[in-house]
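Asks: This is the structure, below, for whatever I ask next.
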Amino acid sequence: MDLRELALVTFSILAQMSVGAFLVLGVVKYFVARKAGVEEADRMGDRSLIAIIIVLGLGMLASLLHLGSPLSAPRAVTNFATSWLSREILSGSIFIVLGALYAILQWFKLGPSVLRTVIGWLAALVGIVLVFCMAMVYMLPTQPAWNNLATPVSFFTTTLLLGALAMGAAFVANYAYIQKKNPGCADLQCQLLRSTLRWIAVFSVIMLGVEFVVTPVYLVSLATGVPQAVESAKLIAGPLGALFLIRMILAFVGAGVFGFFLYQNAQSAGREKLLGYMAYTAFVLVLAAEVLGRLVFYSSRVGITL
Amino acid sequence: MAKQLAFYFDASACTGCKACAIACKDRSSLPVGINWRKVYDYGGGGWNTDPTHPEIMIPNNVFVYSTSTACMHCENPSCVAACPAKAISKREDGVVLINANVCIGCRYCEWACPYGAPQFNTTLGVMTKCDFCQDLQAQGLNPACVDACPMRALGYGELDTLRQAHGTVNAIEPLPSADITHPAIVITPHKHSQPSGQGTGRIIKLEEV
């Protein structure tokens, strides 16, 4: 594991987390606005927008560290006609610009609400394109460990699982802030928080289920694939086995066990503090799990090459 | 038909002396760790005990042959498509070149190439690879590797012409399948050469490559 791969792990996890968080935030705001009005939805979600943009910015900075000539990074977008890497950087740049624009317009309530909403959904769409491009970057015929349907599926699973739990933590933090600053509107926000956390918990358990189906199918397809794929499977079963196992356990405990507790404890009011700790813990555990999973992803590469 | 310059390699003549690799390294002053031309020794088989004389071992299909490789200046170069900065291009004569002034050193071409041709220069922070000795060719000279071979096992020329003269073999072990990038290489196989993907041996002494 060298600095270069750590840079790629950092970039890919942070970028997918911010896209996922942005998507989950969009969906949550849509339903909250229908239930309680746009104002409550904004109150609940807009502060986390800033965090999402900062996380993505940090991720893109980290990606510079894997370049031999970081100062030339802007040239990385020029070959979008054929290179998925160019498309990745291009869609990432558009996503951060649109996302930041949306965050600023929302923060200062500039322009008509419809326009802001359109920009928000446009950013979300570009975010989905970004994650798709990120997956396609690794779909190289020379890299059987990556050139697998499991790559796009698991990238999107990471995006949504990590995004959902990151937003869970963000909603909790936002609620604590509101409670301190403006206790008057905390009751409705408390209700919205609890129902949102319940949905996030259910969604996380479903995403965990997807991970637990995709992973064994992927391993079997490696083990029965070309010689280099078999070598990758041996790496995951052997030297990377401990990382792989810890990753699966952390994901199960974070999204599964804590997801279950989160759902249970969000049923009735009065346990907000406990709920907060659970949401934070679930997020941290799943973040660690996805980072380990990505380390395994990069380290298990055995290329068809001389 | 578009022109396509190609290397010719006679595996039946190659003795694995690596003079081509050294000439290449010398011509381009390549640093430690970077070798644009490499010679792989590929071998297999084993030994059996003679059933009537247990003290005697008899060879069982023991074989070894050498394969000299460099950038294949592929007809469908995956590095050119992969490069995000348009730093790699295919010239009109088919030669694939990296422009070091444009390369950003992301090393994505390294993942995309099945021949290990693009290699990262840590000092310069960019990728480098075989340029088919374009400077020598411009002076009417041969590539350094071709001239260095004591067995006359290396040649170069127009791909179609080479194919007419020597056939169409372009993938023997340990080279990967030619389907990925359509390499501009014509090979006369060694008598023990095995087609790519059907090898029974392995690269031996990889640390010497």
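Chain labels follow the order of the structure tokens: the first chain is A, the next B, and so on; residue numbering restarts at 1 in every chain, and ligands are counted from 1 in their shown order.
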Would you kindly return, as a list in words, each protein, DNA or RNA residue with an atom no farther than 8 Å from any atom of region 109-113 of chain B, considering only C-alpha atoms and excluding same-chain residues fewer than 5 positions away?
Replies: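 So, after excluding close chain neighbours, the residues are Leu140, Pro141, Thr142, Gln143, Gly303 and Thr305 of chain A; Pro77, Ser78, Cys79, Val80, Ala82, Cys83, Pro118 and Gln119 of chain B.
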Asks: Counting only C-alpha atoms, which residues of chain B come no farther than 6 Å from chain A, as a PDB file with N, CA and C atoms, in the first residue's frame?
Replies:
```pdb
ATOM      1  N   ALA B  81      -6.448   5.381 -25.775  1.00  0.00           N
ATOM      2  CA  ALA B  81      -7.838   5.642 -25.390  1.00  0.00           C
ATOM      3  C   ALA B  81      -7.937   5.990 -23.911  1.00  0.00           C
ATOM      4  N   ALA B  82      -7.089   5.347 -23.083  1.00  0.00           N
ATOM      5  CA  ALA B  82      -7.218   5.516 -21.636  1.00  0.00           C
ATOM      6  C   ALA B  82      -6.666   6.849 -21.153  1.00  0.00           C
ATOM      7  N   PRO B  84      -6.031  10.263 -19.939  1.00  0.00           N
ATOM      8  CA  PRO B  84      -7.002  11.352 -19.773  1.00  0.00           C
ATOM      9  C   PRO B  84      -6.483  12.679 -20.313  1.00  0.00           C
ATOM     10  N   ALA B  85      -5.180  12.785 -20.556  1.00  0.00           N
ATOM     11  CA  ALA B  85      -4.596  14.085 -20.892  1.00  0.00           C
ATOM     12  C   ALA B  85      -4.215  14.201 -22.361  1.00  0.00           C
ATOM     13  N   LYS B  86      -4.581  13.225 -23.179  1.00  0.00           N
ATOM     14  CA  LYS B  86      -4.202  13.196 -24.592  1.00  0.00           C
ATOM     15  C   LYS B  86      -2.684  13.251 -24.747  1.00  0.00           C
ATOM     16  N   ILE B 104       0.516  13.693 -17.291  1.00  0.00           N
ATOM     17  CA  ILE B 104       0.344  14.190 -15.922  1.00  0.00           C
ATOM     18  C   ILE B 104       0.780  13.151 -14.892  1.00  0.00           C
ATOM     19  N   GLY B 105       1.228  11.996 -15.369  1.00  0.00           N
ATOM     20  CA  GLY B 105       1.749  10.983 -14.454  1.00  0.00           C
ATOM     21  C   GLY B 105       0.696  10.280 -13.622  1.00  0.00           C
ATOM     22  N   CYS B 106      -0.504  10.074 -14.166  1.00  0.00           N
ATOM     23  CA  CYS B 106      -1.553   9.395 -13.397  1.00  0.00           C
ATOM     24  C   CYS B 106      -1.391   7.872 -13.436  1.00  0.00           C
ATOM     25  N   ALA B 112      -3.865  -0.033 -18.216  1.00  0.00           N
ATOM     26  CA  ALA B 112      -4.598  -0.393 -19.435  1.00  0.00           C
ATOM     27  C   ALA B 112      -3.766  -1.250 -20.385  1.00  0.00           C
ATOM     28  N   PRO B 114      -1.566  -4.238 -21.759  1.00  0.00           N
ATOM     29  CA  PRO B 114      -1.318  -5.638 -21.404  1.00  0.00           C
ATOM     30  C   PRO B 114       0.150  -6.049 -21.560  1.00  0.00           C
ATOM     31  N   TYR B 115       1.009  -5.146 -22.031  1.00  0.00           N
ATOM     32  CA  TYR B 115       2.404  -5.513 -22.291  1.00  0.00           C
ATOM     33  C   TYR B 115       3.392  -4.843 -21.333  1.00  0.00           C
ATOM     34  N   GLY B 116       2.895  -4.094 -20.365  1.00  0.00           N
ATOM     35  CA  GLY B 116       3.794  -3.421 -19.420  1.00  0.00           C
ATOM     36  C   GLY B 116       4.691  -2.408 -20.111  1.00  0.00           C
ATOM     37  N   GLY B 125       8.325  12.264 -13.024  1.00  0.00           N
ATOM     38  CA  GLY B 125       6.903  12.322 -12.696  1.00  0.00           C
ATOM     39  C   GLY B 125       6.008  12.063 -13.893  1.00  0.00           C
ATOM     40  N   VAL B 126       6.540  11.421 -14.910  1.00  0.00           N
ATOM     41  CA  VAL B 126       5.731  11.114 -16.101  1.00  0.00           C
ATOM     42  C   VAL B 126       5.987   9.676 -16.554  1.00  0.00           C
TER      43      VAL B 126
END
```
Asks: Suppose you want the space between CA of Arg163 (chain B) and CA of Arg27 (chain B); what is it in Å?
Replies: 27.9 Å
Asks: Identify, on the basis of only C-alpha atoms, every residue whose closest approach to Leu208 (chain A) does not exceed 8 Å; exclude the query and any residue fewer than 5 positions from it along the same chain; express the result as an mmCIF file with C-alpha atoms, in the first residue's frame.
Replies:
```
data_model
loop_
_atom_site.group_PDB
_atom_site.id
_atom_site.type_symbol
_atom_site.label_atom_id
_atom_site.label_comp_id
_atom_site.auth_asym_id
_atom_site.auth_seq_id
_atom_site.Cartn_x
_atom_site.Cartn_y
_atom_site.Cartn_z
ATOM 1 C CA LEU A 161 -25.002 3.135 2.073
ATOM 2 C CA ALA A 251 -20.391 -3.368 7.655
ATOM 3 C CA PHE A 252 -22.679 -5.914 9.283
ATOM 4 C CA ALA A 255 -25.422 -1.038 8.946
ATOM 5 C CA GLY A 256 -27.125 -4.190 10.228
#
```
Asks: List every residue of chain B that DSSP, applied to the backbone, labels as alpha helix (DSSP H), and write the result as number ranges by chain.
Replies: B: 19-27, 78-82, 108-112, 134-138, 144-148, 159-166
Asks: Those residues you just picked out, can you put them in a file as a compact mmCIF listing (two decimals), in the first residue's frame with N, CA and C atoms?
Replies:
```txt
# COMPACT_ATOMS: atom_id res chain seq x y z
N ALA B 19 20.92 -8.67 -25.22
CA ALA B 19 21.67 -7.56 -25.82
C ALA B 19 20.72 -6.47 -26.29
N CYS B 20 19.54 -6.84 -26.79
CA CYS B 20 18.55 -5.86 -27.25
C CYS B 20 18.12 -4.95 -26.11
N ALA B 21 17.85 -5.58 -24.94
CA ALA B 21 17.38 -4.82 -23.78
C ALA B 21 18.45 -3.84 -23.31
N ILE B 22 19.72 -4.31 -23.34
CA ILE B 22 20.82 -3.44 -22.89
C ILE B 22 21.05 -2.30 -23.89
N ALA B 23 20.97 -2.62 -25.19
CA ALA B 23 21.15 -1.58 -26.21
C ALA B 23 20.08 -0.51 -26.07
N CYS B 24 18.85 -0.95 -25.80
CA CYS B 24 17.72 -0.02 -25.60
C CYS B 24 17.98 0.87 -24.40
N LYS B 25 18.37 0.25 -23.29
CA LYS B 25 18.61 1.00 -22.06
C LYS B 25 19.72 2.02 -22.26
N ASP B 26 20.75 1.60 -23.02
CA ASP B 26 21.89 2.46 -23.28
C ASP B 26 21.49 3.64 -24.18
N ARG B 27 20.79 3.33 -25.28
CA ARG B 27 20.42 4.37 -26.25
C ARG B 27 19.60 5.47 -25.59
N SER B 78 -4.72 0.49 -26.21
CA SER B 78 -5.60 0.83 -25.08
C SER B 78 -5.05 2.01 -24.29
N CYS B 79 -3.73 2.24 -24.36
CA CYS B 79 -3.14 3.36 -23.62
C CYS B 79 -3.62 4.70 -24.20
N VAL B 80 -3.73 4.76 -25.53
CA VAL B 80 -4.14 6.02 -26.19
C VAL B 80 -5.56 6.39 -25.77
N ALA B 81 -6.45 5.38 -25.77
CA ALA B 81 -7.84 5.64 -25.39
C ALA B 81 -7.94 5.99 -23.91
N ALA B 82 -7.09 5.35 -23.08
CA ALA B 82 -7.22 5.52 -21.64
C ALA B 82 -6.67 6.85 -21.15
N TYR B 108 -2.51 5.71 -15.46
CA TYR B 108 -3.68 4.93 -15.88
C TYR B 108 -3.32 4.03 -17.07
N CYS B 109 -2.43 4.53 -17.96
CA CYS B 109 -2.02 3.72 -19.12
C CYS B 109 -1.32 2.44 -18.67
N GLU B 110 -0.65 2.53 -17.52
CA GLU B 110 0.04 1.36 -16.98
C GLU B 110 -0.97 0.23 -16.67
N TRP B 111 -2.15 0.62 -16.19
CA TRP B 111 -3.20 -0.38 -15.91
C TRP B 111 -3.81 -0.91 -17.20
N ALA B 112 -3.87 -0.03 -18.22
CA ALA B 112 -4.60 -0.39 -19.44
C ALA B 112 -3.77 -1.25 -20.39
N GLN B 134 12.62 6.70 -32.75
CA GLN B 134 12.20 7.57 -33.86
C GLN B 134 13.32 8.50 -34.32
N ASP B 135 14.21 8.91 -33.39
CA ASP B 135 15.32 9.78 -33.79
C ASP B 135 16.29 9.03 -34.72
N LEU B 136 16.59 7.77 -34.38
CA LEU B 136 17.49 6.98 -35.24
C LEU B 136 16.82 6.72 -36.60
N GLN B 137 15.53 6.36 -36.54
CA GLN B 137 14.83 6.07 -37.81
C GLN B 137 14.79 7.29 -38.71
N ALA B 138 14.68 8.48 -38.12
CA ALA B 138 14.65 9.71 -38.91
C ALA B 138 15.97 9.91 -39.65
N ALA B 144 17.82 0.71 -31.98
CA ALA B 144 19.02 0.19 -31.31
C ALA B 144 18.90 -1.30 -31.03
N CYS B 145 17.73 -1.77 -30.62
CA CYS B 145 17.56 -3.18 -30.27
C CYS B 145 17.78 -4.08 -31.49
N VAL B 146 17.28 -3.61 -32.63
CA VAL B 146 17.38 -4.41 -33.86
C VAL B 146 18.86 -4.60 -34.25
N ASP B 147 19.61 -3.50 -34.19
CA ASP B 147 21.02 -3.58 -34.58
C ASP B 147 21.86 -4.35 -33.57
N ALA B 148 21.41 -4.39 -32.31
CA ALA B 148 22.23 -5.02 -31.27
C ALA B 148 22.14 -6.53 -31.29
N LEU B 159 3.90 -3.57 -41.18
CA LEU B 159 3.25 -4.77 -40.61
C LEU B 159 2.80 -5.74 -41.70
N ASP B 160 2.14 -5.22 -42.75
CA ASP B 160 1.65 -6.10 -43.82
C ASP B 160 2.79 -6.85 -44.50
N THR B 161 3.89 -6.13 -44.77
CA THR B 161 5.05 -6.75 -45.41
C THR B 161 5.63 -7.86 -44.54
N LEU B 162 5.75 -7.55 -43.22
CA LEU B 162 6.29 -8.55 -42.29
C LEU B 162 5.39 -9.78 -42.25
N ARG B 163 4.08 -9.55 -42.28
CA ARG B 163 3.14 -10.67 -42.23
C ARG B 163 3.27 -11.54 -43.48
N GLN B 164 3.43 -10.88 -44.64
CA GLN B 164 3.59 -11.66 -45.87
C GLN B 164 4.85 -12.51 -45.80
N ALA B 165 5.90 -11.96 -45.19
CA ALA B 165 7.17 -12.68 -45.16
C ALA B 165 7.21 -13.75 -44.07
N HIS B 166 6.58 -13.48 -42.92
CA HIS B 166 6.79 -14.35 -41.76
C HIS B 166 5.51 -14.92 -41.14
```
Asks: For Ile98 (chain B), list every protein, DNA or RNA residue within 7 Å, evaluated using only C-alpha atoms, and leave out those in the same chain fewer than 4 positions away; present the list as a list in words.
Replies: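 Counting only the stated atoms, we get Ala87, Ile88, Ser89 and Thr128 of chain B.
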Asks: Keeping only C-alpha atoms, take the residues you just selected and write them out as a PDB file, in the first residue's frame.
Replies:
```
ATOM      1  CA  ALA B  87      -0.514  12.651 -23.867  1.00  0.00           C
ATOM      2  CA  ILE B  88      -0.305   9.419 -25.876  1.00  0.00           C
ATOM      3  CA  SER B  89      -0.928   9.466 -29.585  1.00  0.00           C
ATOM      4  CA  THR B 128       7.891   6.743 -20.527  1.00  0.00           C
TER       5      THR B 128
END
```
Asks: Tell me, which residues of region 31-74 of chain B carry DSSP strand (DSSP E or B), written as JSON, numbers by chain?
Replies: {"B": [38, 39, 40, 41, 42, 43, 44, 45, 46, 47, 48, 49, 57, 58, 59, 60, 61, 62, 63, 64, 65, 66, 67, 68, 69]}
Asks: Skip Val172 (chain A) itself and residues of its chain fewer than 4 positions away, then list as a list in words all residues within 7 Å of it, counting only C-alpha atoms.
Replies: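 With the cut-off at 7 Å, the set is Gly168, Ala176 and Gly276 of chain A.
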Asks: Write a file of the just-selected residues containing C-alpha atoms, as a compact mmCIF listing (two decimals), in the first residue's frame.
Replies:
```txt
# COMPACT_ATOMS: atom_id res chain seq x y z
CA GLY A 168 -28.14 10.12 9.34
CA ALA A 176 -28.68 19.02 18.23
CA GLY A 276 -27.51 10.38 17.99
```
Asks: Find the residues near region 30-42 of chain A: any atom within 10 Å, counting only C-alpha atoms, skip ones fewer than 6 places away on the same chain, and give them as a list of chain:residue names.
Replies: A:Val24, A:Gln106, A:Trp107, A:Lys109, A:Ser113, A:Thr117, A:Cys185, A:Leu188, A:Gln189, A:Leu192, A:Leu193, A:Ser195, A:Thr196
Asks: Give me a file of those residues, with N, CA and C atoms, as a tab-separated table (two decimals), in the first residue's frame.
Replies:
```tsv
chain	number	residue	atom	x	y	z
A	24	VAL	N	-29.29	11.27	-1.00
A	24	VAL	CA	-30.18	10.97	0.14
A	24	VAL	C	-30.80	12.25	0.67
A	106	GLN	N	-29.07	28.03	-1.77
A	106	GLN	CA	-29.93	27.59	-0.67
A	106	GLN	C	-29.61	28.37	0.60
A	107	TRP	N	-28.32	28.53	0.86
A	107	TRP	CA	-27.87	29.16	2.10
A	107	TRP	C	-28.39	30.60	2.20
A	109	LYS	N	-30.73	31.80	0.20
A	109	LYS	CA	-32.08	31.83	-0.38
A	109	LYS	C	-32.14	32.78	-1.57
A	113	SER	N	-37.33	29.48	-5.76
A	113	SER	CA	-37.19	28.14	-5.18
A	113	SER	C	-37.14	27.05	-6.25
A	117	THR	N	-34.29	24.21	-6.87
A	117	THR	CA	-34.60	22.78	-6.89
A	117	THR	C	-34.07	22.13	-8.17
A	185	CYS	N	-38.73	25.41	17.48
A	185	CYS	CA	-39.13	24.59	16.35
A	185	CYS	C	-38.59	23.18	16.46
A	188	LEU	N	-41.23	19.68	16.03
A	188	LEU	CA	-41.53	19.16	14.70
A	188	LEU	C	-40.28	18.54	14.09
A	189	GLN	N	-39.15	19.23	14.26
A	189	GLN	CA	-37.89	18.71	13.73
A	189	GLN	C	-37.56	17.35	14.37
A	192	LEU	N	-39.61	14.79	12.58
A	192	LEU	CA	-39.07	14.56	11.23
A	192	LEU	C	-37.78	13.76	11.32
A	193	LEU	N	-36.94	14.08	12.32
A	193	LEU	CA	-35.67	13.38	12.48
A	193	LEU	C	-35.92	11.89	12.71
A	195	SER	N	-38.55	9.99	12.02
A	195	SER	CA	-39.07	9.22	10.88
A	195	SER	C	-38.02	9.08	9.79
A	196	THR	N	-37.18	10.14	9.61
A	196	THR	CA	-36.11	10.05	8.62
A	196	THR	C	-35.10	8.96	9.01
```
Asks: Between CA of Trp121 (chain A) and CA of Gly26 (chain A), what is the distance in Å, rounded to a tenth?
Replies: 7.5 Å
Asks: Show which residues sit within 10 Å of Ser299 (chain A), as a list in words. Count only C-alpha atoms, and ignore same-chain residues fewer than 5 positions away.
Replies: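 Listing them by chain and then by number gives Met1, Glu5, Ala145, Ser232, Leu235, Ile236, Pro239, Leu240, Gly293 and Arg294 of chain A.
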